[in-house]
Amino acid sequence: MQSVKVGITLNTRDMIVDPSCDTLTSNEPAEPGWNRAKLLSLSDSIRARLRSGIDLGMDSEKLSSFFDAALKDEERNYPTLDFETIEYARLDKLLAELLQFADRIKASNLMPEVLLRFRINISRAKSLQRYWRRRFREQLFMIDQHRCAILVEGGRLKDVSFNTSLDYDLGKWQTKRLTGPVSEVEANLQFEPGHWWLNITCAERDGIVNSSLEIPTKGCYGFTALPLLTGLEEMTSPNQVKYIREGRVSDMHTPLISQVGRKIRIIRGYRLKSILAPEAGLRYDGLYTIRQYGFKLDSNINKYRLELTLERATDQRPFEDVRKVPRPSQLDDWALYEKLEGDKIKLLEGESSYLEWKLKRQEEKLDREEWQRARLFKASFAGGGVDRGKQLDRRATHRP
């Protein structure tokens with residue numbers, strides 16, 4: 001495992017200054033105010049780096065500063081770092097993953113190679129974890145249950161409900177949207193590339209799509225959006241992809257014929273076989289121009305095959321930033337969501353349906369992992385080139 005480099009000098013004034021500044025805490029000696037958004041950003045950044053096994057970089061300075069401030073805060077008669085801040089910023093997860101990472105390094109006999117600052121931070125993480133366990137007790141051990149309640153009542157699952165009578169493949173969730181029509185300008189302000197949802201119904205609730213089915217629709221903002229939740233996607237150039245889908249004529253997204261040459265919103269789901277797909281949930285990836293549309297009947301399997309060429313617009317958030325979503329805190333919500341869905345199926349449909357659901361999820365995961373391995377194996381022989389594949393002999397072909 002790669003060792004962690006954290007040998008950077010810290011200026012504590014960068015972390016504890018005026019509360020109006022972009023910092024983790026304020027400089028009030030009596031009651032420092034904790035910046036929840038910055039703490040969450042720090043927690044996400046470090047956890048992502050730990051999972052990737054890469055250098056902590058400048059985050060090591062911020063981590064040291066946080067531990068300095070948090071441990072001093074614990075020495076107060078009434079500490080100011082409250083449970084809600086720990087819960088929101090996933091600071092309990094940060095400590096747990098730091099300690100797990102240290103255990104893996106120790107088991108690999110790499111601990112002597114780890115720099116002193118990181119070893120000091122690990123010791124501080126242990127101390128802070130002990131402080132919090134003594135101070136919050138059962139509340140800390142039940143923190144994920146509380147997060148799950150927040151997820152349903154006012155979080156990512158707000159205004160969506162589980163319905164066992166629904167039988168489409170993408171889920172059993174439904175919503176009643178109350179969002180009124182707004183202008184295209186307002187819509188673009190609301191949905192920036194990187195916007196993330198737990199499922200397609202949550203995206204429907206927010207108005208970016210007008211259905212929980214995998215079809216192109218115009219959301220309540222009048223802008224065409226295409227969810228790529230299943231099927232296959234290949235990169236043909238840095239900004240261009242080819243999407244492939246098999247099925248019935250009704251699965252061929254024929255309304256997109258009139259959209260060739262126009263920009264549409266692309267939403268990718270975790271089930272999509274693509275190196276661009278998110279690790280979990282659904283992610284809005286930005287505006288793409290439809291460059292080519294075509295489909296034909298494959299008589300060998302008696303299915304239609306759609307090929308869609310899409311080109312990403314350049315005047316938007318770079319995709320290298322977008323693909324970092326979902327962040328670790330969002331993956332925390334994903335884990336809670338999957339557990340919640342499984343519990344609902346077990347409660348409402350019985351143990352047999354739950355085991356069937358669980359087996360299907362596992363099979364899908366293994367299928368995606370097998371595809372990823374095959375894709376990496378193929379790429380290792382490609383020499384950096386793009387495999388454009390054989391051109392499709394289309395029955396219906398449209399170009400701008």
# chains A, B, ... in the order shown; residues from 1 in each chain; ligands from 1

call {"tool": "select_by_dssp", "arguments": {"residues": "range 69-233 of chain A", "states": "strand (DSSP E or B)", "output": "CSV table (one decimal) with N, CA and C atoms, in the first residue's frame"}}
result
chain,number,residue,atom,x,y,z
A,160,VAL,N,-40.8,11.4,-1.3
A,160,VAL,CA,-40.9,10.1,-2.1
A,160,VAL,C,-41.3,9.0,-1.1
A,161,SER,N,-42.0,8.0,-1.6
A,161,SER,CA,-42.5,7.0,-0.8
A,161,SER,C,-42.3,5.6,-1.5
A,162,PHE,N,-42.2,4.6,-0.7
A,162,PHE,CA,-42.0,3.2,-1.2
A,162,PHE,C,-43.4,2.6,-1.4
A,173,TRP,N,-40.4,3.2,-5.9
A,173,TRP,CA,-40.6,4.5,-5.3
A,173,TRP,C,-41.4,5.4,-6.1
A,174,GLN,N,-42.2,6.3,-5.5
A,174,GLN,CA,-43.1,7.2,-6.2
A,174,GLN,C,-43.0,8.5,-5.5
A,175,THR,N,-43.5,9.6,-6.2
A,175,THR,CA,-43.5,10.9,-5.7
A,175,THR,C,-44.7,11.7,-6.2
A,196,TRP,N,-26.7,15.1,-7.6
A,196,TRP,CA,-26.8,13.7,-7.3
A,196,TRP,C,-28.1,13.3,-6.6
A,197,TRP,N,-28.6,12.1,-7.0
A,197,TRP,CA,-29.9,11.6,-6.4
A,197,TRP,C,-29.7,10.1,-6.0
A,217,THR,N,-37.6,12.6,-21.4
A,217,THR,CA,-38.7,13.4,-21.1
A,217,THR,C,-38.3,14.9,-20.9
A,218,LYS,N,-39.3,15.8,-21.0
A,218,LYS,CA,-39.1,17.2,-20.6
A,218,LYS,C,-39.5,17.4,-19.2
A,224,THR,N,-35.3,18.9,-22.3
A,224,THR,CA,-35.2,17.4,-22.5
A,224,THR,C,-34.0,16.8,-21.7
A,225,ALA,N,-34.4,15.8,-21.0
A,225,ALA,CA,-33.4,15.1,-20.2
A,225,ALA,C,-33.4,13.6,-20.5
A,226,LEU,N,-32.3,12.9,-20.6
A,226,LEU,CA,-32.2,11.5,-20.9
A,226,LEU,C,-31.5,10.8,-19.8
A,227,PRO,N,-32.1,9.9,-19.1
A,227,PRO,CA,-31.4,9.1,-18.1
A,227,PRO,C,-30.8,7.9,-18.7
A,228,LEU,N,-29.5,7.7,-18.6
A,228,LEU,CA,-28.8,6.5,-19.0
A,228,LEU,C,-28.6,5.7,-17.8
A,232,LEU,N,-25.0,0.2,-22.4
A,232,LEU,CA,-23.6,0.2,-22.5
A,232,LEU,C,-23.2,1.6,-23.1
A,233,GLU,N,-22.0,2.1,-22.6
A,233,GLU,CA,-21.5,3.4,-23.1
A,233,GLU,C,-20.0,3.2,-23.4

call {"tool": "residues_around", "arguments": {"residues": "Trp334 in chain A", "least_positions_apart": "6", "cutoff": "9 Å", "atoms": "only C-alpha atoms", "output": "ChimeraX atom specification"}}
result
/A:198,280-281

call {"tool": "closest_residue", "arguments": {"among": "A:Glu363, A:Glu356, A:Glu246, A:Glu279", "to": "Asn302 in chain A", "atoms": "only C-alpha atoms"}}
result
A:Glu246

call {"tool": "atom_distance", "arguments": {"atom1": "CA of Asp73 in chain A", "atom2": "CA of Gln100 in chain A"}}
result
24.5 Å

call {"tool": "select_by_dssp", "arguments": {"residues": "range 138-301 of chain A", "states": "alpha helix (DSSP H)", "output": "tab-separated table (two decimals) with N, CA and C atoms, in the first residue's frame"}}
result
chain	number	residue	atom	x	y	z
A	138	GLU	N	-24.69	6.59	23.99
A	138	GLU	CA	-25.60	5.90	23.07
A	138	GLU	C	-25.92	6.74	21.85
A	139	GLN	N	-25.96	8.05	22.01
A	139	GLN	CA	-26.29	8.93	20.90
A	139	GLN	C	-25.31	8.74	19.74
A	140	LEU	N	-24.03	8.56	20.06
A	140	LEU	CA	-23.02	8.38	19.02
A	140	LEU	C	-23.15	7.00	18.37
A	141	PHE	N	-23.48	5.99	19.14
A	141	PHE	CA	-23.62	4.64	18.60
A	141	PHE	C	-24.89	4.51	17.73
A	143	ILE	N	-25.96	6.97	15.74
A	143	ILE	CA	-25.90	8.12	14.84
A	143	ILE	C	-26.42	7.79	13.44
A	144	ASP	N	-26.16	6.60	12.94
A	144	ASP	CA	-26.64	6.25	11.60
A	144	ASP	C	-28.15	6.08	11.56
A	145	GLN	N	-28.74	5.60	12.64
A	145	GLN	CA	-30.20	5.52	12.69
A	145	GLN	C	-30.81	6.91	12.64
A	146	HIS	N	-30.19	7.85	13.30
A	146	HIS	CA	-30.68	9.23	13.26
A	146	HIS	C	-30.51	9.82	11.86
A	147	ARG	N	-29.38	9.51	11.22
A	147	ARG	CA	-29.17	9.98	9.85
A	147	ARG	C	-30.24	9.42	8.90
A	148	CYS	N	-30.60	8.17	9.12
A	148	CYS	CA	-31.63	7.55	8.27
A	148	CYS	C	-32.97	8.26	8.44
A	149	ALA	N	-33.30	8.63	9.66
A	149	ALA	CA	-34.55	9.36	9.91
A	149	ALA	C	-34.53	10.71	9.20
A	150	ILE	N	-33.39	11.39	9.25
A	150	ILE	CA	-33.25	12.67	8.56
A	150	ILE	C	-33.37	12.49	7.06
A	151	LEU	N	-32.80	11.40	6.54
A	151	LEU	CA	-32.84	11.10	5.11
A	151	LEU	C	-34.28	11.02	4.61
A	152	VAL	N	-35.15	10.42	5.40
A	152	VAL	CA	-36.55	10.22	5.01
A	152	VAL	C	-37.39	11.47	5.25
A	153	GLU	N	-37.19	12.10	6.40
A	153	GLU	CA	-38.09	13.20	6.79
A	153	GLU	C	-37.81	14.50	6.05
A	184	GLU	N	-36.13	28.47	-18.25
A	184	GLU	CA	-34.94	27.67	-18.53
A	184	GLU	C	-33.74	28.20	-17.77
A	185	VAL	N	-33.65	29.52	-17.63
A	185	VAL	CA	-32.54	30.12	-16.89
A	185	VAL	C	-32.55	29.66	-15.44
A	186	GLU	N	-33.74	29.66	-14.82
A	186	GLU	CA	-33.86	29.19	-13.44
A	186	GLU	C	-33.51	27.72	-13.34
A	187	ALA	N	-33.89	26.95	-14.35
A	187	ALA	CA	-33.59	25.52	-14.35
A	187	ALA	C	-32.10	25.27	-14.39
A	188	ASN	N	-31.39	26.01	-15.23
A	188	ASN	CA	-29.95	25.84	-15.33
A	188	ASN	C	-29.26	26.22	-14.04
A	189	LEU	N	-29.80	27.20	-13.32
A	189	LEU	CA	-29.22	27.60	-12.04
A	189	LEU	C	-29.45	26.52	-10.99
A	190	GLN	N	-30.59	25.82	-11.08
A	190	GLN	CA	-30.91	24.82	-10.07
A	190	GLN	C	-30.11	23.54	-10.24
A	200	ILE	N	-34.12	7.48	-9.50
A	200	ILE	CA	-34.73	8.28	-10.57
A	200	ILE	C	-35.98	9.00	-10.06
A	201	THR	N	-36.66	8.43	-9.06
A	201	THR	CA	-37.85	9.08	-8.52
A	201	THR	C	-37.49	10.37	-7.80
A	202	CYS	N	-36.35	10.39	-7.14
A	202	CYS	CA	-35.89	11.64	-6.50
A	202	CYS	C	-35.60	12.70	-7.55
A	203	ALA	N	-35.06	12.28	-8.70
A	203	ALA	CA	-34.83	13.22	-9.80
A	203	ALA	C	-36.15	13.73	-10.36
A	204	GLU	N	-37.15	12.85	-10.43
A	204	GLU	CA	-38.47	13.27	-10.89
A	204	GLU	C	-39.10	14.26	-9.91
A	205	ARG	N	-38.94	14.00	-8.63
A	205	ARG	CA	-39.46	14.92	-7.60
A	205	ARG	C	-38.90	16.33	-7.78
A	206	ASP	N	-37.60	16.40	-8.11
A	206	ASP	CA	-36.96	17.71	-8.24
A	206	ASP	C	-37.22	18.37	-9.59

call {"tool": "closest_residue", "arguments": {"among": "A:Asp59, A:Asp332, A:Glu214, A:Asp92", "to": "His253 in chain A", "atoms": "only C-alpha atoms"}}
result
A:Glu214

call {"tool": "residues_around", "arguments": {"residues": "range 309-317 of chain A", "least_positions_apart": "4", "cutoff": "6 Å", "atoms": "only C-alpha atoms", "output": "list in words"}}
result
Asn239, Gln240, Val241, Lys242, Leu287, Tyr288, Thr289, Ile290, Arg291 and Gln292 of chain A

call {"tool": "write_last_selection", "arguments": {"atoms": "C-alpha atoms", "output": "short mmCIF file (atom, residue, chain, number, x, y, z; two decimals), in the first residue's frame"}}
result
data_model
loop_
_atom_site.label_atom_id
_atom_site.label_comp_id
_atom_site.auth_asym_id
_atom_site.auth_seq_id
_atom_site.Cartn_x
_atom_site.Cartn_y
_atom_site.Cartn_z
CA ASN A 239 -15.71 14.67 -25.19
CA GLN A 240 -17.76 12.17 -27.18
CA VAL A 241 -19.44 8.89 -26.24
CA LYS A 242 -21.52 6.24 -27.96
CA LEU A 287 -25.41 19.17 -21.37
CA TYR A 288 -24.64 16.95 -24.37
CA THR A 289 -25.38 17.48 -28.06
CA ILE A 290 -26.93 14.52 -29.90
CA ARG A 291 -24.62 14.08 -32.90
CA GLN A 292 -26.08 10.89 -34.31
#

call {"tool": "closest_residue", "arguments": {"among": "A:Phe136, A:Tyr243, A:Phe101, A:Phe319", "to": "Glu307 in chain A", "atoms": "only C-alpha atoms"}}
result
A:Tyr243

call {"tool": "residues_around", "arguments": {"residues": "Arg49 in chain A", "least_positions_apart": "2", "cutoff": "12 Å", "atoms": "only C-alpha atoms", "output": "list in words"}}
result
Gln2, Ser3, Val4, Lys5, Leu42, Ser43, Asp44, Ser45, Ile46, Arg47, Arg51, Ser52, Gly53, Ile54, Asp55, Leu56, Gly57, Met58, Asp59, Ser60, Leu94, Glu97, Leu98, Phe101, Lys324, Arg327 and Pro328 of chain A

call {"tool": "atom_distance", "arguments": {"atom1": "CA of Asp333 in chain A", "atom2": "CA of Leu63 in chain A"}}
result
23.3 Å
